[in-house]
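To be precise, the following lines are final_14.cif, and they hold mmCIF, C-alpha atoms.
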data_input
#
loop_
_atom_site.label_atom_id
_atom_site.label_comp_id
_atom_site.auth_asym_id
_atom_site.auth_seq_id
_atom_site.Cartn_x
_atom_site.Cartn_y
_atom_site.Cartn_z
CA MET A 1 0.00 0.00 0.00
CA GLU A 2 1.53 3.27 -1.09
CA GLU A 3 2.00 6.02 1.44
CA LEU A 4 1.63 9.50 0.01
CA LYS A 5 1.66 12.65 2.13
CA LEU A 6 1.65 16.28 1.06
CA PHE A 7 2.91 18.94 3.45
CA GLY A 8 1.41 22.15 2.21
CA SER A 9 -0.94 25.03 2.73
CA PHE A 10 -4.43 25.72 1.37
CA ILE A 11 -3.41 29.28 0.61
CA SER A 12 -0.15 28.53 -1.21
CA PRO A 13 -0.21 28.47 -5.04
CA PHE A 14 2.83 26.15 -4.99
CA SER A 15 1.05 23.68 -2.75
CA ARG A 16 -2.23 23.90 -4.70
CA ARG A 17 -0.62 23.10 -8.06
CA VAL A 18 0.66 19.83 -6.57
CA GLU A 19 -2.80 19.02 -5.19
CA TRP A 20 -4.37 19.73 -8.58
CA ALA A 21 -1.91 17.37 -10.29
CA LEU A 22 -2.70 14.59 -7.79
CA LYS A 23 -6.45 15.15 -8.13
CA LEU A 24 -6.32 15.20 -11.94
CA LYS A 25 -4.54 11.84 -11.88
CA GLY A 26 -6.93 10.44 -9.28
CA ILE A 27 -4.22 9.80 -6.72
CA GLU A 28 -5.08 9.52 -3.02
CA TYR A 29 -2.91 11.36 -0.52
CA GLU A 30 -2.90 12.64 3.01
CA PHE A 31 -2.72 16.43 3.35
CA ILE A 32 -0.82 17.94 6.25
CA GLY A 33 -1.39 21.65 6.72
CA GLU A 34 1.64 23.83 7.38
CA ASP A 35 1.80 27.34 8.75
CA ILE A 36 4.07 29.82 6.99
CA ILE A 37 5.51 31.13 10.24
CA ASN A 38 5.55 28.06 12.49
CA LYS A 39 6.86 25.32 10.27
CA SER A 40 6.59 21.78 11.54
CA PRO A 41 9.67 19.73 12.53
CA SER A 42 8.73 17.27 9.77
CA LEU A 43 8.93 19.99 7.14
CA LEU A 44 12.32 21.14 8.35
CA LYS A 45 13.52 17.53 8.37
CA TYR A 46 12.31 16.78 4.84
CA ASN A 47 13.39 20.07 3.27
CA PRO A 48 16.49 21.13 5.19
CA VAL A 49 17.91 23.17 2.30
CA HIS A 50 14.98 25.50 1.58
CA LYS A 51 12.73 24.84 4.63
CA LYS A 52 9.63 25.42 2.50
CA TYR A 53 6.45 23.67 1.52
CA PRO A 54 5.13 21.91 -0.47
CA VAL A 55 6.89 18.65 0.33
CA LEU A 56 5.62 15.40 -1.15
CA LEU A 57 6.49 12.34 0.89
CA HIS A 58 6.17 9.13 -1.14
CA ASN A 59 6.80 5.92 0.81
CA GLY A 60 9.00 7.90 3.17
CA LYS A 61 11.02 9.67 0.46
CA PRO A 62 10.70 13.46 0.28
CA ILE A 63 10.44 15.42 -2.96
CA VAL A 64 10.60 19.21 -2.76
CA VAL A 65 10.29 22.31 -5.01
CA SER A 66 6.89 22.43 -6.69
CA LEU A 67 8.07 22.09 -10.31
CA VAL A 68 10.26 19.12 -9.32
CA ILE A 69 7.29 17.55 -7.52
CA LEU A 70 5.06 18.02 -10.60
CA GLU A 71 7.64 16.30 -12.84
CA TYR A 72 7.93 13.47 -10.29
CA ILE A 73 4.15 12.99 -10.20
CA GLU A 74 4.07 12.98 -14.00
CA GLU A 75 6.81 10.33 -14.18
CA THR A 76 5.37 8.12 -11.46
CA TRP A 77 1.63 8.12 -12.32
CA LYS A 78 0.97 7.84 -16.04
CA GLU A 79 -2.80 8.47 -16.13
CA ASN A 80 -4.02 11.83 -17.50
CA PRO A 81 -0.61 13.04 -18.65
CA LEU A 82 0.21 16.66 -17.89
CA LEU A 83 3.14 16.97 -20.28
CA PRO A 84 3.23 16.27 -24.03
CA ASP A 85 5.17 13.26 -25.34
CA ASP A 86 6.96 15.14 -28.10
CA PRO A 87 10.35 16.34 -26.78
CA HIS A 88 10.08 19.80 -28.38
CA GLU A 89 6.56 20.39 -27.09
CA LYS A 90 7.65 19.16 -23.68
CA ALA A 91 10.56 21.61 -23.75
CA MET A 92 8.13 24.43 -24.61
CA ALA A 93 5.86 23.44 -21.69
CA ARG A 94 8.84 23.49 -19.32
CA PHE A 95 9.85 26.88 -20.75
CA TRP A 96 6.43 28.41 -20.04
CA ALA A 97 6.20 26.86 -16.57
CA LYS A 98 9.58 28.40 -15.68
CA PHE A 99 8.59 31.74 -17.23
CA ILE A 100 5.33 31.93 -15.27
CA ASP A 101 7.03 31.01 -12.02
CA GLU A 102 9.82 33.55 -12.43
CA LYS A 103 7.57 36.40 -13.47
CA SER A 104 4.69 35.84 -11.07
CA LEU A 105 6.65 35.58 -7.83
CA ALA A 106 7.23 39.31 -7.61
CA LEU A 107 3.57 40.32 -7.53
CA GLY A 108 2.81 39.26 -3.98
CA ARG A 109 5.83 41.11 -2.68
CA ILE A 110 5.03 44.21 -4.71
CA ALA A 111 1.41 44.15 -3.55
CA PHE A 112 2.37 44.08 0.11
CA PHE A 113 5.56 46.07 0.23
CA SER A 114 5.60 48.73 -2.47
CA GLN A 115 3.78 51.97 -2.93
CA GLY A 116 3.28 54.80 -5.40
CA GLU A 117 5.74 55.39 -8.22
CA GLU A 118 8.08 52.66 -7.02
CA ARG A 119 5.17 50.24 -7.25
CA GLU A 120 4.22 51.33 -10.77
CA LYS A 121 7.78 50.69 -11.95
CA ALA A 122 7.96 47.35 -10.15
CA LEU A 123 4.71 46.21 -11.77
CA GLU A 124 5.87 46.81 -15.36
CA PRO A 125 7.72 43.48 -15.81
CA THR A 126 4.69 41.62 -14.46
CA TRP A 127 2.31 43.34 -16.88
CA GLU A 128 4.74 42.64 -19.74
CA ALA A 129 4.83 38.98 -18.74
CA LEU A 130 1.03 38.82 -18.71
CA LYS A 131 0.98 40.37 -22.18
CA THR A 132 3.40 37.67 -23.39
CA LEU A 133 1.20 34.95 -21.87
CA ASP A 134 -1.90 36.58 -23.36
CA GLU A 135 -0.32 36.21 -26.82
CA GLU A 136 0.79 32.64 -26.12
CA ILE A 137 -2.65 31.43 -25.01
CA ARG A 138 -4.56 33.10 -27.86
CA GLY A 139 -6.62 30.53 -29.77
CA LYS A 140 -5.99 27.77 -27.24
CA LYS A 141 -8.36 26.40 -24.64
CA PHE A 142 -5.56 25.55 -22.21
CA PHE A 143 -1.78 26.04 -22.27
CA GLY A 144 -1.77 22.24 -22.57
CA GLY A 145 -3.99 22.42 -25.69
CA GLU A 146 -7.35 20.69 -25.58
CA ASN A 147 -6.66 19.33 -22.12
CA ILE A 148 -5.33 20.95 -18.98
CA GLY A 149 -1.60 20.42 -18.47
CA LEU A 150 1.34 21.25 -16.26
CA VAL A 151 1.63 24.84 -17.51
CA ASP A 152 -2.02 25.49 -16.64
CA LEU A 153 -1.46 24.26 -13.08
CA VAL A 154 1.52 26.58 -12.70
CA ALA A 155 -0.49 29.45 -14.21
CA GLY A 156 -3.11 28.84 -11.51
CA VAL A 157 -1.29 31.51 -9.51
CA ILE A 158 -2.41 34.04 -12.12
CA ALA A 159 -5.98 32.72 -12.20
CA TYR A 160 -6.60 32.88 -8.47
CA TRP A 161 -3.88 34.83 -6.66
CA PHE A 162 -3.45 37.76 -9.02
CA PRO A 163 -7.08 38.93 -8.60
CA VAL A 164 -6.70 38.60 -4.82
CA PHE A 165 -3.52 40.70 -4.73
CA ASP A 166 -5.16 43.14 -7.12
CA GLU A 167 -8.08 43.65 -4.79
CA ILE A 168 -5.97 43.95 -1.64
CA ALA A 169 -3.42 46.35 -3.06
CA ASP A 170 -5.45 48.10 -5.78
CA LEU A 171 -2.97 47.18 -8.48
CA ASN A 172 -5.18 48.07 -11.44
CA LEU A 173 -4.77 44.62 -12.97
CA LEU A 174 -7.74 45.15 -15.35
CA PHE A 175 -7.47 41.46 -16.23
CA GLU A 176 -10.33 41.21 -18.73
CA GLN A 177 -9.60 44.47 -20.52
CA LYS A 178 -5.81 44.28 -20.76
CA PHE A 179 -5.34 40.50 -21.15
CA PRO A 180 -8.54 39.20 -22.79
CA SER A 181 -7.16 35.87 -24.09
CA LEU A 182 -5.62 35.09 -20.72
CA TYR A 183 -8.91 36.04 -19.07
CA ALA A 184 -10.74 33.60 -21.37
CA TRP A 185 -8.20 30.93 -20.39
CA ARG A 186 -8.96 31.68 -16.75
CA GLU A 187 -12.66 30.98 -17.33
CA ASN A 188 -11.77 27.57 -18.81
CA PHE A 189 -9.31 26.81 -16.02
CA ILE A 190 -11.49 27.66 -13.04
CA ASN A 191 -14.32 25.54 -14.40
CA VAL A 192 -12.32 22.30 -14.53
CA PRO A 193 -13.86 20.20 -11.70
CA ALA A 194 -10.52 19.10 -10.18
CA ILE A 195 -9.48 22.75 -10.00
CA LYS A 196 -12.80 24.21 -8.91
CA GLU A 197 -13.24 21.69 -6.11
CA ASN A 198 -9.75 22.26 -4.72
CA ILE A 199 -9.38 25.96 -4.13
CA LEU A 200 -10.50 28.28 -1.35
CA PRO A 201 -13.30 30.68 -2.24
CA GLN A 202 -12.08 34.14 -3.24
CA ASP A 203 -13.44 35.86 -0.13
CA GLN A 204 -11.65 33.39 2.14
CA MET A 205 -8.38 33.98 0.29
CA LEU A 206 -8.90 37.73 0.61
CA ALA A 207 -9.53 37.41 4.34
CA ILE A 208 -6.36 35.35 4.87
CA TYR A 209 -4.15 37.77 2.93
CA ARG A 210 -5.71 40.80 4.62
CA GLU A 211 -4.88 39.20 7.95
CA ARG A 212 -1.30 38.62 6.80
CA GLN A 213 -1.05 42.16 5.51
CA LYS A 214 -2.21 43.49 8.86
CA LYS A 215 0.43 41.48 10.67
CA LEU A 216 3.10 42.65 8.24
CA LEU A 217 2.20 46.32 8.28
CA GLN A 218 0.58 46.37 11.71
CA ILE A 219 -2.42 48.25 10.41
CA PRO A 220 -5.27 48.13 12.91
CA THR A 221 -8.42 46.48 11.69
CA ASN A 222 -11.37 48.68 10.98
CA GLU A 223 -13.81 45.88 10.15
CA MET B 1 17.76 13.21 -43.61
CA ALA B 2 20.52 14.39 -41.32
CA ASP B 3 19.70 16.34 -38.17
CA GLU B 4 20.43 20.03 -38.28
CA VAL B 5 21.59 21.20 -34.86
CA ILE B 6 22.63 24.78 -34.20
CA LEU B 7 23.70 26.18 -30.82
CA LEU B 8 23.52 29.95 -30.34
CA ASP B 9 25.88 30.58 -27.45
CA PHE B 10 28.62 32.77 -25.97
CA TRP B 11 31.97 31.14 -25.28
CA PRO B 12 32.38 31.81 -21.48
CA SER B 13 28.71 31.26 -20.61
CA PRO B 14 28.33 28.49 -18.01
CA PHE B 15 24.74 28.08 -19.25
CA GLY B 16 25.86 27.56 -22.84
CA LEU B 17 28.59 25.21 -21.64
CA ARG B 18 25.92 22.94 -20.15
CA ALA B 19 24.48 22.36 -23.63
CA ARG B 20 27.96 21.91 -25.16
CA ILE B 21 29.00 19.33 -22.56
CA ALA B 22 25.73 17.39 -22.87
CA MET B 23 26.16 17.18 -26.63
CA ALA B 24 29.86 16.25 -26.30
CA GLU B 25 28.89 13.41 -23.94
CA LYS B 26 26.41 12.08 -26.48
CA GLY B 27 28.53 12.70 -29.56
CA VAL B 28 26.00 15.06 -31.13
CA GLU B 29 27.36 17.07 -34.05
CA TYR B 30 26.27 20.67 -34.09
CA ASP B 31 26.97 24.05 -35.60
CA TYR B 32 28.33 26.30 -32.80
CA ARG B 33 27.64 29.99 -33.24
CA ASP B 34 29.19 32.55 -30.91
CA GLU B 35 26.78 35.44 -30.51
CA ASN B 36 27.60 39.12 -30.14
CA LEU B 37 25.58 39.88 -27.04
CA ARG B 38 25.77 43.62 -27.53
CA GLU B 39 24.32 43.40 -31.02
CA LYS B 40 22.08 40.38 -31.00
CA GLY B 41 21.60 38.74 -34.38
CA PRO B 42 18.24 38.15 -36.06
CA LEU B 43 18.33 34.37 -35.55
CA LEU B 44 18.75 34.76 -31.79
CA LEU B 45 16.00 37.37 -31.56
CA LYS B 46 13.67 35.21 -33.63
CA SER B 47 14.51 31.99 -31.75
CA ASN B 48 14.22 33.42 -28.23
CA PRO B 49 11.85 36.37 -28.59
CA VAL B 50 10.80 36.22 -24.92
CA HIS B 51 14.21 36.49 -23.24
CA LYS B 52 16.59 37.25 -26.16
CA LYS B 53 19.27 35.23 -24.35
CA ILE B 54 21.72 32.47 -25.12
CA PRO B 55 21.97 29.53 -25.14
CA VAL B 56 19.37 28.53 -27.72
CA LEU B 57 19.43 25.10 -29.33
CA ILE B 58 17.82 25.00 -32.75
CA HIS B 59 17.04 21.43 -33.80
CA ASN B 60 15.73 21.04 -37.35
CA GLY B 61 14.49 24.62 -37.20
CA LYS B 62 12.78 24.33 -33.79
CA PRO B 63 14.27 26.41 -30.96
CA VAL B 64 14.70 25.25 -27.37
CA CYS B 65 15.60 27.88 -24.74
CA GLU B 66 16.86 27.86 -21.12
CA SER B 67 19.99 25.82 -20.45
CA LEU B 68 18.56 23.12 -18.16
CA ILE B 69 15.56 22.69 -20.45
CA ILE B 70 17.99 22.33 -23.37
CA VAL B 71 19.99 19.68 -21.47
CA GLN B 72 16.80 17.71 -20.73
CA TYR B 73 15.78 17.99 -24.38
CA ILE B 74 19.19 16.75 -25.55
CA ASP B 75 18.92 13.84 -23.10
CA GLU B 76 15.47 12.87 -24.42
CA VAL B 77 16.29 13.13 -28.12
CA TRP B 78 19.79 11.55 -28.07
CA ASN B 79 19.10 8.90 -25.51
CA ASP B 80 22.28 6.87 -25.24
CA LYS B 81 24.41 7.70 -22.20
CA PRO B 82 21.35 8.94 -20.29
CA LEU B 83 21.91 11.78 -17.85
CA PHE B 84 19.05 10.70 -15.58
CA SER B 85 18.41 7.59 -13.55
CA LYS B 86 15.47 5.33 -14.47
CA ASP B 87 14.26 5.78 -10.89
CA PRO B 88 11.84 8.76 -10.66
CA TYR B 89 12.99 9.55 -7.11
CA GLU B 90 16.67 9.75 -8.11
CA THR B 91 15.58 11.89 -11.07
CA ALA B 92 13.66 14.19 -8.73
CA LYS B 93 16.76 14.57 -6.54
CA ALA B 94 18.84 15.41 -9.60
CA ARG B 95 16.26 18.04 -10.65
CA PHE B 96 16.33 19.49 -7.16
CA TRP B 97 20.11 19.88 -7.09
CA ALA B 98 20.31 21.28 -10.62
CA ASP B 99 17.66 23.83 -9.58
CA PHE B 100 19.78 24.59 -6.50
CA VAL B 101 22.87 25.18 -8.66
CA ASP B 102 20.80 27.43 -10.91
CA LYS B 103 19.44 29.50 -8.05
CA LYS B 104 22.65 29.87 -6.06
CA ILE B 105 25.98 29.27 -7.78
CA TYR B 106 25.80 31.82 -10.60
CA ASP B 107 24.38 34.48 -8.30
CA CYS B 108 26.99 34.01 -5.55
CA GLY B 109 29.85 33.73 -8.04
CA THR B 110 28.81 36.91 -9.83
CA ARG B 111 28.50 38.78 -6.54
CA ILE B 112 32.06 37.72 -5.67
CA TRP B 113 33.67 39.44 -8.67
CA LYS B 114 31.28 42.39 -8.80
CA ASN B 115 31.78 43.42 -5.18
CA LYS B 116 34.44 44.22 -2.63
CA GLY B 117 34.55 44.40 1.16
CA GLU B 118 31.62 43.13 3.17
CA ALA B 119 29.40 42.40 0.19
CA GLN B 120 32.15 40.25 -1.31
CA ASP B 121 32.76 38.47 2.01
CA GLN B 122 29.07 37.67 2.27
CA ALA B 123 29.04 36.33 -1.29
CA LYS B 124 32.12 34.19 -0.62
CA LYS B 125 30.57 32.73 2.50
CA GLU B 126 27.32 31.85 0.71
CA PHE B 127 29.26 30.41 -2.23
CA ILE B 128 31.26 28.09 0.02
CA ASP B 129 28.13 27.11 1.98
CA CYS B 130 26.44 26.13 -1.30
CA LEU B 131 29.43 24.09 -2.44
CA LYS B 132 29.50 22.33 0.95
CA LEU B 133 25.84 21.36 0.55
CA LEU B 134 26.70 19.99 -2.89
CA GLU B 135 29.62 18.06 -1.37
CA GLY B 136 27.12 16.51 1.03
CA GLU B 137 24.99 15.38 -1.90
CA LEU B 138 28.02 14.04 -3.81
CA ALA B 139 29.08 12.04 -0.72
CA GLU B 140 31.22 9.07 -1.73
CA LYS B 141 30.13 8.99 -5.38
CA SER B 142 32.55 9.71 -8.21
CA TYR B 143 30.01 11.93 -9.91
CA PHE B 144 26.61 13.30 -8.92
CA GLY B 145 25.27 10.87 -11.54
CA GLY B 146 27.00 7.93 -9.82
CA ASP B 147 29.61 6.20 -11.99
CA THR B 148 29.06 8.46 -14.97
CA LEU B 149 28.25 12.11 -15.60
CA GLY B 150 24.66 12.93 -14.83
CA TYR B 151 22.34 15.92 -15.00
CA VAL B 152 23.75 17.63 -11.90
CA ASP B 153 27.34 17.17 -13.09
CA VAL B 154 26.42 18.83 -16.40
CA ALA B 155 24.60 21.63 -14.54
CA LEU B 156 27.54 22.39 -12.23
CA ILE B 157 30.82 21.59 -14.04
CA PRO B 158 30.72 24.64 -16.36
CA PHE B 159 31.27 26.86 -13.33
CA ALA B 160 34.64 25.14 -12.79
CA CYS B 161 36.21 27.31 -15.49
CA TRP B 162 34.99 30.34 -13.53
CA PHE B 163 36.46 29.16 -10.22
CA TYR B 164 39.85 30.72 -10.99
CA SER B 165 38.14 34.09 -11.53
CA TYR B 166 36.12 33.81 -8.31
CA GLU B 167 39.22 32.78 -6.34
CA THR B 168 41.43 35.51 -7.79
CA GLU B 169 38.84 38.26 -7.37
CA GLY B 170 37.80 37.03 -3.94
CA LYS B 171 41.32 36.16 -2.76
CA PHE B 172 40.35 32.75 -1.45
CA SER B 173 40.90 29.10 -2.25
CA ILE B 174 37.97 26.87 -3.07
CA GLU B 175 40.21 23.81 -2.58
CA GLU B 176 40.82 24.81 1.03
CA ASP B 177 37.16 24.83 2.03
CA CYS B 178 35.77 22.35 -0.47
CA PRO B 179 38.41 19.75 -1.35
CA LYS B 180 35.78 17.18 -2.35
CA ILE B 181 34.33 19.50 -4.99
CA MET B 182 37.80 20.14 -6.42
CA ALA B 183 38.44 16.38 -6.50
CA TRP B 184 35.14 16.01 -8.37
CA VAL B 185 36.23 18.74 -10.82
CA LYS B 186 39.48 16.83 -11.48
CA ARG B 187 37.55 13.63 -12.15
CA CYS B 188 35.24 15.46 -14.56
CA MET B 189 38.25 16.93 -16.35
CA GLU B 190 39.46 13.37 -17.06
CA LYS B 191 36.53 13.13 -19.47
CA GLU B 192 37.13 14.57 -22.92
CA SER B 193 33.56 15.80 -23.12
CA VAL B 194 34.49 18.18 -20.27
CA SER B 195 38.19 18.92 -20.78
CA LYS B 196 37.81 19.65 -24.51
CA THR B 197 34.71 21.77 -23.98
CA LEU B 198 35.29 23.98 -20.94
CA ALA B 199 36.60 27.47 -21.59
CA GLU B 200 40.12 28.24 -20.40
CA PRO B 201 40.07 29.69 -16.87
CA GLN B 202 42.68 32.34 -17.75
CA LYS B 203 40.61 33.52 -20.73
CA VAL B 204 37.50 33.64 -18.52
CA TYR B 205 39.44 35.76 -16.02
CA GLU B 206 40.44 38.18 -18.78
CA PHE B 207 36.80 38.34 -19.81
CA VAL B 208 35.82 39.17 -16.21
CA GLY B 209 38.30 42.04 -16.45
CA VAL B 210 36.48 43.30 -19.54
CA LEU B 211 33.11 42.99 -17.75
CA LYS B 212 34.40 44.90 -14.78
CA LYS B 213 35.50 47.76 -17.01
CA MET B 214 32.09 47.73 -18.67
CA TYR B 215 30.32 47.93 -15.32
CA GLY B 216 32.74 50.54 -14.05
CA ILE B 217 34.04 48.28 -11.28
CA GLU B 218 37.60 48.61 -10.09
#
When written as structure tokens, how does the structure in this file appear?
Amino acid sequence: MEELKLFGSFISPFSRRVEWALKLKGIEYEFIGEDIINKSPSLLKYNPVHKKYPVLLHNGKPIVVSLVILEYIEETWKENPLLPDDPHEKAMARFWAKFIDEKSLALGRIAFFSQGEEREKALEPTWEALKTLDEEIRGKKFFGGENIGLVDLVAGVIAYWFPVFDEIADLNLLFEQKFPSLYAWRENFINVPAIKENILPQDQMLAIYRERQKKLLQIPTNE
Amino acid sequence: MADEVILLDFWPSPFGLRARIAMAEKGVEYDYRDENLREKGPLLLKSNPVHKKIPVLIHNGKPVCESLIIVQYIDEVWNDKPLFSKDPYETAKARFWADFVDKKIYDCGTRIWKNKGEAQDQAKKEFIDCLKLLEGELAEKSYFGGDTLGYVDVALIPFACWFYSYETEGKFSIEEDCPKIMAWVKRCMEKESVSKTLAEPQKVYEFVGVLKKMYGIE
């Protein structure tokens, strides 16, 4: 009997993409919730180098770093493949997954820590990246083509977290107007059952991030 | 029909060297093109419109970008002398460590030659700490890939031709703190795919001198 545990967080896009992969392949696992500030001894034991979640523990062996975990899941469980077979197409999928990860990480930090003109400047590379993705997705249902794939799971951060950061920090994302093809992709993505059933509702995500923001900036609540 | 393989690269680039070493290991014939990074050519701009960076591998007209993605592509297409284990867990570990090298080694190394004083000391410390972690992963193996060169070896060994520059700029000895890594470098250099491919450390050091002038660093 296989033992599969996922150390993660309901609010983390890195943890969620792993859950989505497991759900899409119909794999059972035990979820262990981690707190971003008080990390469990298990987490620190299994990921001593980065001390971060998600960590996938398969029959006692830890796999860490979300993109590495996704590739491991893809190699181990062959149902509902998330990557194309063709080496060039696979290389392109890996390229876009890396691109999305690199370009989307900044937004959370910018939303919480920057203001004014400095913020406007900091946002430019993110908006450029979204424009590039908007062009890439044009005419396609998913980044994976007809079916959802690894790139879509990675882009989940844009589908769910970007609107949350936008609302909290008033970033002027203007998703539908500025990035219409990407917005259309988002509609397809959030309606996939395995995705839809495994994400916190928007208002819950907002509440959690507002709470974090308060702690970070020590702004008193006025709710 | 013969394969057409072109590599758009820049001679001292550790990222480009990864692709060169992978292809040398597998005996892949390719057309090497050194790019002028200050005046990027039309083929580079067309093949990597998103980042406009080298290396880019163009295989029968189709471009592949990002050095580790290129190495994985090479491994999948020319599949003798595989760089990965058949075991998915070992493969995951290799991916982890290559990602670690990507995130840390280039950054720390660059900060060593670009800075002086405290900033340089900090960079040196982090650099050695990273190499020590890698030594831990290497353990008693000849190579990260076991008995033969693997994915992590290919990801890391290109930086060996930059070690002389880091050591000279930083006034420290990597051998002193990380003898196991230097022993690993020597073993890698016994392979023609590495020794005939790596750039010459002295030439790299001269290039660092040129970079420093360009950045206005003393």
Practice problem: Name the residues in contact with Ile174 in chain B at a cut-off of 12 Å, using only C-alpha atoms, excluding same-chain residues fewer than 5 positions from it; report them as number ranges by chain. | Solution: B: 109, 124-125, 127-132, 160, 162-168, 179-183, 185
Quiz prompt | Exercise: residues within 9 Å of coordinate (30.8, 40.2, -6.3), counting only C-alpha atoms, as a PyMOL selection string | solution = chain B and resi 107-116+119-121+123-124+166+169-170
Quiz item: Of the candidates A:Ile36, A:Ala207, A:Leu43, A:Val64, which shows the shortest atom-to-atom distance to chain B, using only C-alpha atoms?
Solution: A:Val64
Quiz item: CA of Gly41 in chain B and CA of Asp75 in chain B are how many Å apart?
Solution: 27.5 Å
Quiz item: Quick one: residues within 7 Å of range 91-102 of chain A, all atoms listed in the file counted, chain neighbours fewer than 4 positions away excluded, as a list in words?
Solution: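 The filter keeps Pro87, Val151, Val154 and Ala155 of chain A; Val64, Ile69 and Tyr73 of chain B.
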